[in-house]
Amino acid sequence: MSVLTATGLSKHFGAQDIFDDVSLQIAHGERAALVGPNGVGKTTLLQVLAGLEVASGGQVYRAKGLRVEYLPQEVTLSETDGTLWELAQGAFADLQRQAVKLHRMEEAMAAATDPAERDQLVIRYGRAQEAFELAGGYSFEQRMRQVLSGLGFDTADYHRPLAQFSGGQQTRAHLARLLLEAPDLLLLDEPTNHLDLAAVEWLENYLQNWEGTLVVTAHDRYFLDKIATKVWDLSQGRLEIYRGNYTAYVGQRAERRERQAREYQRQRESIAKDEDFIRRNIAGQRTKQAQGRQKRLERLQRIERTPEEKRLNLDLYTGLRSGDLVLATHDLVVGYEPEAPLFTSPDLEIRRGDRVALIGPNGAGKTTLVKTILKELDPLSGRVRLGAAVEIGYLAQAHAGLNLNQSVIDEVMSIPQGGHNGQDMLIGQARNYLGRFLFSGDDVFKPISALSGGERARVALAKLALRGANFLVLDEPTNHLDIPSQEVLQAVLVNFPGTILLVSHDRYFIDALATQVWALEDETLFASKADAPLSAYAAYLADREARRSVDSGSSIQISESRDETRKKREQARRQRALVELEMAIEAAEARLADLSAALEDASHAKAVEKLQALGRDYQATEQDLARLLDQWTAMETA
């Protein structure tokens with residue numbers, strides 16, 4: 001039985017049509033994922049279904065007595081909302097009133113002197129207590145702690161005023177309240193935006209057991225895969241409905257669009273044949289047949305061509321080939337204060353062509369490790385070494401590398417193409433290039449400060465694509481991107497010929513892309529590699545489960561102790577050889593820098609013979625450097 005039905009819904013703001021002729025229904029216990037590009041009206045549709053926004057046309061029918069709650073993307077709470085605990089407690093106001101009533105009945109029983117009156121009070125109290133217990137009166141505080149903890153709140157947060165919380169924390173607090181209220185229909189707009197990976201995993205497990213009905217919009221495709229039983233695709237102002245989770249929807253959508261394209265093409269060919277027949281015979285001996293065909297064409301319901309969606313047109317290419325070893329760490333400890341390191345790392349390697357995903361809770365040190373690799377921050381101890389001919393392209397979290405005072409076109413034109421100075425684009429070329437990133441017309445002259453999060457993400461990607469780097473370091477690259485743009489970025493990175501290190505909470509993205517997963521847990525970094533048929537992410541989940549299933553004490557501690565003893569024995573023997581090897585590496589790197597400058601001078605001077613000789617020297621020195629780096633790696637990882 002449907003708890004909510006909508007027919008012929010439309011919404012427009014002035015002359016702008018948001019969506020038109022949207023019809024849908026959802027039955028009790030179903031979980032619908034609402035997907036579509038940014039700006040198509042997903043939030044507006046949710047608000048119409050919640051009764052918070054009035055549709056321009058059509059009707060919404062709700063089952064009698066249906067309790068509906070809506071989570072917006074951002075929530076602002078004030079001092080009048082009290083503490084986190086008080087907000088959560090408000091979901092059980094009726095139980096609290098029952099608890100007060102029971103307490104008063106207990107006082108009355110204690111004060112009663114007449115045995116008959118006391119017996120009547122005992123009977124009434126027993127009935128009230130049974131109803132209280134059945135309604136969860138003795139377990140609701142445990143439920144509150146479960147939900148608050150699952151969404152990432154500590155016990156220290158329980159009695160803090162909500163007005164002191166950040167915007168993301170306030171939205172999480174409101175989500176906790178809605179989950180505890182357990183409405184018949186819950187509408188969630190981007191509920192995973194302010195959750196770390198552990199909280200997202202908890203939420204999807206919680207919602208899988210949700211007894212009510214759910215409609216959710218989210219950019220987290222893995223989350224949608226876990227919870228959705230149907231998908232509503234809102235695009236080009238129309239809504240299409242698909243069965244199953246997100247992955248099932250992707251397959252069905254491709255099949256449906258292919259079928260629509262075939263039907264459209266067949267009808268076009270049939271119409272062309274009929275029109276040709278009519279032209280040739282309208283005034284001839286077969287006039288009646290031609291007229292009949294003309295009438296059929298006039299009555300024919302034309303199949304509309306599926307409109308092409310505007311999609312990101314991204315191409316990441318590098319003509320630079322790095323050495324086989326791209327990055328190696330040794331005895332690495334990461335953090336800002338020696339007394340309080342963020343984590344220790346085993347010795348790690350990234351080889352050319354690897355795609356490494358770095359995951360972990362907020363504050364664990366993921367971005368700090370990235371800064372250490374970029375040499376923006378010194379390690380507390382140990383080393384990070386980049387391999388030969390490695391050129392880094394960095395996409396900062398929250399797009400911190402963008403100049404907010406520049407326009408979109410100026411920001412892109414500030415990047416030399418392919419890393420070569422003096423090859424900046426002309427304005428016309430820059431406008432055409434930005435069109436591939438969905439910036440058209442005067443949009444290219446907007447200041448970065450005026451852009452949305454998704455628009456800034458596209459500018460950052462446009463800049464990254466121009467650099468031609470062979471080692472991409474991407475910090476939360478899918479943040480603020482809609483699902484179609486995520487799909488494009490994923491496909492491009494799968495085919496990228498260089499090497500990738502990405503920090504991400506996007507498990508669907510990681511599962512499709514990563515060949516290694518580095519996971520930060522309890523101040524330690526664990527590495528998992530793809531092991532057919534398991535993806536790297538599936539292998540990480542298996543490794544994590546194994547770690548959790550064993551006693552976290554003795555065996556690990558013994559192993560670590562043995563490793564430490566071995567390292568101390570070998571340290572003295574390796575130290576002199578390492579120092580000598582590093583001096584040789586530095587000399588080779590300096591020689592390469594000198595040869596590179598000489599090659600540039602010879603190129604400008606068009607000295608062909610000198611160029612050839614310098615090229616041979618450069619190639620020989622590069623081979624020597626690669627050999628030295630391999631020796632260094634072998635000694636460091638032995």
# chains A, B, ... in the order shown; residues from 1 in each chain; ligands from 1
$ select_by_dssp --residues "stretch 391-616 of chain A" --states "strand (DSSP E)" --output "JSON, numbers by chain"
{"A": [392, 393, 394, 395, 471, 472, 473, 474, 475, 499, 500, 501, 502, 503, 516, 517, 518, 519, 520, 521, 524, 525, 526, 527, 528, 529]}
$ residues_around --residues "stretch 79-94 of chain A" --least-positions-apart "5" --cutoff "7 Å" --atoms "only C-alpha atoms" --output "MDAnalysis selection string"
chainID A and resid 144 157:163 173 176:177 180:181
$ closest_residue --among "A:Gly615, A:Gln47, A:Asn193, A:Val444" --to "A:Ala597" --atoms "only C-alpha atoms"
A:Gly615
$ residues_around --residues "stretch 464-470 of chain A" --least-positions-apart "2" --cutoff "9 Å" --atoms "only C-alpha atoms" --output "PyMOL selection string"
chain A and resi 314-322+352+389-395+412+415-420+459-462+472+496-500
$ write_last_selection --atoms "C-alpha atoms" --output "PDB file, in the first residue's frame"
ATOM      1  CA  LEU A 314      37.439  15.807 -18.554  1.00  0.00           C
ATOM      2  CA  ASP A 315      40.681  14.439 -19.976  1.00  0.00           C
ATOM      3  CA  LEU A 316      43.697  13.817 -17.751  1.00  0.00           C
ATOM      4  CA  TYR A 317      46.786  13.056 -19.790  1.00  0.00           C
ATOM      5  CA  THR A 318      50.474  12.995 -19.094  1.00  0.00           C
ATOM      6  CA  GLY A 319      53.325  12.639 -21.541  1.00  0.00           C
ATOM      7  CA  LEU A 320      55.836  12.408 -18.685  1.00  0.00           C
ATOM      8  CA  ARG A 321      57.021   8.948 -17.685  1.00  0.00           C
ATOM      9  CA  SER A 322      58.252   8.516 -14.143  1.00  0.00           C
ATOM     10  CA  ARG A 352      54.199   3.562 -11.484  1.00  0.00           C
ATOM     11  CA  ALA A 389      61.093  12.126 -12.992  1.00  0.00           C
ATOM     12  CA  VAL A 390      58.018  12.338 -10.741  1.00  0.00           C
ATOM     13  CA  GLU A 391      55.879  15.416 -11.465  1.00  0.00           C
ATOM     14  CA  ILE A 392      53.132  15.972  -8.868  1.00  0.00           C
ATOM     15  CA  GLY A 393      49.716  17.404  -9.649  1.00  0.00           C
ATOM     16  CA  TYR A 394      47.907  18.295  -6.404  1.00  0.00           C
ATOM     17  CA  LEU A 395      44.161  18.793  -5.932  1.00  0.00           C
ATOM     18  CA  VAL A 412      42.654  28.668 -15.582  1.00  0.00           C
ATOM     19  CA  ILE A 415      48.340  27.533 -15.410  1.00  0.00           C
ATOM     20  CA  PRO A 416      50.982  26.790 -18.068  1.00  0.00           C
ATOM     21  CA  GLN A 417      49.825  23.893 -20.219  1.00  0.00           C
ATOM     22  CA  GLY A 418      51.605  20.620 -19.675  1.00  0.00           C
ATOM     23  CA  GLY A 419      53.965  22.255 -17.216  1.00  0.00           C
ATOM     24  CA  HIS A 420      55.785  24.273 -19.930  1.00  0.00           C
ATOM     25  CA  VAL A 459      37.648  24.792 -11.812  1.00  0.00           C
ATOM     26  CA  ALA A 460      40.137  22.827  -9.699  1.00  0.00           C
ATOM     27  CA  LEU A 461      39.843  19.850 -12.052  1.00  0.00           C
ATOM     28  CA  ALA A 462      40.284  22.117 -15.080  1.00  0.00           C
ATOM     29  CA  LEU A 472      48.202  12.908  -9.066  1.00  0.00           C
ATOM     30  CA  PHE A 496      45.004   7.710 -16.445  1.00  0.00           C
ATOM     31  CA  PRO A 497      48.456   6.461 -17.573  1.00  0.00           C
ATOM     32  CA  GLY A 498      50.294   7.804 -14.518  1.00  0.00           C
ATOM     33  CA  THR A 499      50.075   7.156 -10.767  1.00  0.00           C
ATOM     34  CA  ILE A 500      47.431   8.282  -8.260  1.00  0.00           C
TER      35      ILE A 500
END
$ closest_residue --among "A:Asp594, A:Ile227, A:Glu600, A:Ala218" --to "A:Asp617" --atoms "only C-alpha atoms"
A:Asp594
$ residues_around --residues "A:Val503" --least-positions-apart "3" --cutoff "7 Å" --atoms "only C-alpha atoms" --output "ChimeraX atom specification"
/A:357-359,366,474-476
$ residues_around --residues "stretch 73-78 of chain A" --least-positions-apart "2" --cutoff "10 Å" --atoms "only C-alpha atoms" --output "ChimeraX atom specification"
/A:43,70-71,80-83,161-175,188-194,217
$ select_by_dssp --residues "stretch 23-194 of chain A" --states "alpha helix (DSSP H)" --output "PyMOL selection string"
chain A and resi 42-50+84-89+93-111+115-134+140-150+167-181
$ atom_distance --atom1 "atom CA of A:Ile271" --atom2 "atom CA of A:Glu255"
24.2 Å
$ closest_residue --among "A:Pro484, A:Pro533, A:Pro346, A:Gly365" --to "A:Pro37" --atoms "only C-alpha atoms"
A:Pro484
$ residues_around --residues "stretch 369-376 of chain A" --least-positions-apart "4" --cutoff "8 Å" --atoms "only C-alpha atoms" --output "number ranges by chain"
A: 334, 365, 384, 473
$ write_last_selection --atoms "N, CA, C and O atoms" --output "PDB file, in the first residue's frame"
ATOM      1  N   VAL A 334      54.229  10.552  11.358  1.00  0.00           N
ATOM      2  CA  VAL A 334      53.606  11.770  10.832  1.00  0.00           C
ATOM      3  C   VAL A 334      52.900  12.519  11.937  1.00  0.00           C
ATOM      4  O   VAL A 334      52.238  11.926  12.801  1.00  0.00           O
ATOM      5  N   GLY A 365      44.883  12.120  10.250  1.00  0.00           N
ATOM      6  CA  GLY A 365      46.169  12.533   9.694  1.00  0.00           C
ATOM      7  C   GLY A 365      46.309  12.328   8.200  1.00  0.00           C
ATOM      8  O   GLY A 365      47.422  12.371   7.669  1.00  0.00           O
ATOM      9  N   VAL A 384      60.412  10.213   3.494  1.00  0.00           N
ATOM     10  CA  VAL A 384      59.586  10.018   2.305  1.00  0.00           C
ATOM     11  C   VAL A 384      60.447  10.406   1.114  1.00  0.00           C
ATOM     12  O   VAL A 384      61.018  11.494   1.095  1.00  0.00           O
ATOM     13  N   VAL A 473      47.970  13.685  -6.784  1.00  0.00           N
ATOM     14  CA  VAL A 473      47.653  13.588  -5.361  1.00  0.00           C
ATOM     15  C   VAL A 473      46.339  14.337  -5.159  1.00  0.00           C
ATOM     16  O   VAL A 473      46.283  15.563  -5.281  1.00  0.00           O
TER      17      VAL A 473
END
$ atom_distance --atom1 "atom CA of A:Glu240" --atom2 "atom CA of A:Ser485"
19.4 Å
